[in-house]
Each structure stands twice: as C-alpha cells, then as structure tokens.
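Shown here: structure.tsv, TSV, C-alpha atoms.
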```
chain	number	residue	atom	x	y	z
I	147	MET	CA	-35.77	-16.65	40.31
I	148	GLU	CA	-35.99	-18.97	37.34
I	149	LYS	CA	-36.92	-17.73	33.89
I	150	GLY	CA	-39.18	-19.89	31.72
I	151	THR	CA	-40.15	-19.84	28.08
I	152	VAL	CA	-43.50	-20.14	26.35
I	153	ASP	CA	-43.43	-21.76	22.92
I	154	GLN	CA	-44.60	-19.45	20.13
I	155	ILE	CA	-46.21	-22.30	18.16
I	156	TRP	CA	-49.55	-21.63	19.89
I	157	LYS	CA	-49.52	-18.05	18.67
I	158	LYS	CA	-48.97	-19.34	15.14
I	159	VAL	CA	-51.80	-21.87	15.51
I	160	PHE	CA	-54.19	-19.12	16.61
I	161	PHE	CA	-53.33	-16.81	13.73
I	162	GLY	CA	-53.44	-19.77	11.32
I	163	CYS	CA	-56.98	-20.64	12.42
I	164	CYS	CA	-58.00	-16.97	12.12
I	165	GLY	CA	-56.58	-16.99	8.59
I	166	ALA	CA	-58.53	-20.15	7.80
I	167	ALA	CA	-61.71	-18.46	9.05
I	168	ILE	CA	-61.09	-15.50	6.74
I	169	VAL	CA	-60.38	-17.80	3.79
I	170	LEU	CA	-63.66	-19.61	4.44
I	171	LEU	CA	-65.58	-16.31	4.37
I	172	ILE	CA	-64.02	-14.99	1.13
I	173	PRO	CA	-66.07	-17.16	-1.30
I	174	GLY	CA	-69.29	-16.00	0.33
I	175	LEU	CA	-68.32	-12.38	-0.10
I	176	ALA	CA	-66.89	-12.69	-3.63
I	177	LEU	CA	-69.38	-15.10	-5.22
I	178	GLN	CA	-73.14	-15.32	-5.40
I	179	LEU	CA	-73.70	-18.41	-3.27
I	180	SER	CA	-76.89	-19.96	-2.01
I	181	PRO	CA	-77.78	-18.86	1.52
I	182	ALA	CA	-77.35	-22.38	2.87
I	183	LEU	CA	-73.81	-22.65	1.51
I	184	TYR	CA	-72.96	-19.18	2.78
I	185	LEU	CA	-74.22	-20.14	6.28
I	186	ALA	CA	-72.26	-23.39	6.17
I	187	LEU	CA	-69.05	-21.52	5.28
I	188	GLY	CA	-69.78	-19.02	8.05
I	189	ALA	CA	-70.28	-21.83	10.56
I	190	LEU	CA	-67.00	-23.45	9.49
I	191	ALA	CA	-65.24	-20.09	9.82
I	192	ALA	CA	-66.64	-19.60	13.32
I	193	ALA	CA	-65.58	-23.12	14.27
I	194	ALA	CA	-62.04	-22.55	12.93
I	195	PHE	CA	-61.76	-19.33	14.92
I	196	ALA	CA	-63.08	-20.97	18.09
I	197	VAL	CA	-60.72	-23.95	17.76
I	198	GLY	CA	-57.78	-21.60	17.26
I	199	LEU	CA	-58.72	-19.57	20.31
I	200	VAL	CA	-59.18	-22.62	22.53
I	201	LEU	CA	-55.88	-24.16	21.39
I	202	ALA	CA	-54.02	-20.91	21.97
I	203	ILE	CA	-55.46	-20.31	25.42
I	204	ARG	CA	-54.91	-23.89	26.55
I	205	GLY	CA	-51.47	-24.17	24.95
I	206	MET	CA	-49.87	-20.99	26.28
I	207	ARG	CA	-49.33	-21.90	29.91
I	208	CYS	CA	-46.73	-21.05	32.48
I	209	PRO	CA	-44.23	-23.95	32.60
I	210	PHE	CA	-44.07	-23.69	36.40
I	211	CYS	CA	-47.67	-23.33	37.65
I	212	LYS	CA	-49.63	-24.16	34.44
I	213	LYS	CA	-51.67	-20.92	34.58
I	214	SER	CA	-52.71	-19.61	31.17
I	215	VAL	CA	-50.49	-16.70	30.06
I	216	TYR	CA	-52.21	-16.21	26.71
I	217	HIS	CA	-53.09	-12.54	27.25
I	218	GLN	CA	-49.65	-11.64	28.56
I	219	ALA	CA	-47.89	-13.53	25.75
I	220	MET	CA	-50.00	-11.86	23.05
I	221	ARG	CA	-49.03	-8.43	24.39
I	222	ALA	CA	-45.34	-9.26	24.74
I	223	GLN	CA	-42.87	-8.98	21.89
I	224	GLU	CA	-40.60	-11.92	21.14
I	225	GLY	CA	-37.67	-11.90	23.55
I	226	VAL	CA	-39.25	-9.35	25.93
I	227	PRO	CA	-39.93	-10.97	29.31
I	228	PHE	CA	-43.32	-10.84	31.02
I	229	THR	CA	-44.54	-12.29	34.30
I	230	CYS	CA	-47.00	-15.05	35.09
I	231	PRO	CA	-50.12	-13.62	36.78
I	232	LYS	CA	-50.27	-16.50	39.27
I	233	CYS	CA	-46.70	-17.31	40.37
I	234	GLY	CA	-44.96	-14.07	39.29
I	235	ARG	CA	-42.06	-15.78	37.54
I	236	LYS	CA	-40.53	-14.17	34.47
I	237	LEU	CA	-41.41	-15.78	31.15
I	238	GLU	CA	-40.58	-15.04	27.54
I	239	VAL	CA	-41.97	-16.15	24.19
I	240	LYS	CA	-39.59	-18.10	21.96
```

Using the file provided, produce a representation of the structure as structure tokens.
Amino acid sequence: MEKGTVDQIWKKVFFGCCGAAIVLLIPGLALQLSPALYLALGALAAAAFAVGLVLAIRGMRCPFCKKSVYHQAMRAQEGVPFTCPKCGRKLEVK
C-alpha cells in the first residue's frame, strides 16, 4: 500500500491565524479602548481564527481520496504515520 504525505504548511497557517487573533485581542485587554474599537478588534480576531480554521481543514487532505485529514494530522507527531479515515492509506505530516 502506498504511503502519502500531508504538507505541514496548513498547520502553520492555522497556528499563524490563531496567533493573529490573539495579537488583535491584546490591545483591547491592555488599553482602555472605546467599546466600538474593542468590538471591531474582536470581530477581526474572530475572522482571523475562522479563516485559519477553514484554510487548515480544506488544505489538509488525503492526496489519494481528497478526504480531510485535519483532525488526524493535528493529533499526529511529525514523521509518525496515521491513516486516512476514508481510504485507509497511511499518511504522514512533513
């Protein structure tokens, strides 16, 4: 049975967007901002998190059957193989 690889760039994109969401929330917590500005920063943070999640889920797919393997890849360590839930082929994150 063939062994495929899932690119780790999508994991980095997800954590980068989560980091951007946290950075957007820091000024609201550290400074006395107007409520409208605080809500705007919160909305941008939520949007950054959502975009990161969507990109990660859509980007981490099995190279054989195109099923999303996001949850399996997030649990797996780099270099440790895991299987696709749809086709059962072994995959690894590189």

Item to check | Selection as a count of residues only: residues within 12 Å of (-47.6, -20.3, 15.5), counting all atoms listed in the file | outcome: 22

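Distance annotation: of I:Ile172, I:Leu199, I:Ala193, I:Cys208, the residue with the minimal separation from Lys232 in chain I is I:Cys208; atom set is all atoms listed in the file.
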
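You can rank I:Cys230, I:Leu177, I:Leu171, I:Ala192 by their closest distance to Val215 in chain I using all atoms listed in the file, and at the top of that list sits I:Cys230.
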
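Checking I:Ala166, I:Lys212, I:Gln178, I:Arg221 one by one against Val197 in chain I, counting only C-alpha atoms, you find the shortest gap at I:Ala166.
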
Item to check | Distance in Å - CA of Tyr216 in chain I versus CA of Arg204 in chain I | outcome: 8.1 Å

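Candidate residues I:Thr151, I:Ala167, I:Leu237, I:Leu179 were compared for distance to Ala196 in chain I, and the nearest is I:Ala167, using all atoms listed in the file.
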
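Picture a line from CA of Arg207 in chain I to CA of Lys149 in chain I; it runs 13.7 Å.
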
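CA of Ile203 in chain I is found 18.4 Å from CA of Ala191 in chain I.
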
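For the set I:Gly150, I:Gly188, I:Pro173, I:Pro181, the residue with the smallest atom-to-atom gap to Cys233 in chain I is I:Gly150, counting all atoms listed in the file.
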
Checklist entry - Given the choices I:Ser214, I:Pro231, I:Leu187, I:Val226, which gets closest to Leu175 in chain I if the distance is worked out from only C-alpha atoms? => result I:Leu187

Output as JSON the centre and edge lengths (Å, one decimal) of the box along x, y and z of the file that holds every listed atom of range 188-195 of chain I after adding 3 Å on each side.
```
{"center_x": -66.0, "center_y": -21.2, "center_z": 11.5, "size_x": 14.5, "size_y": 10.4, "size_z": 12.9}
```
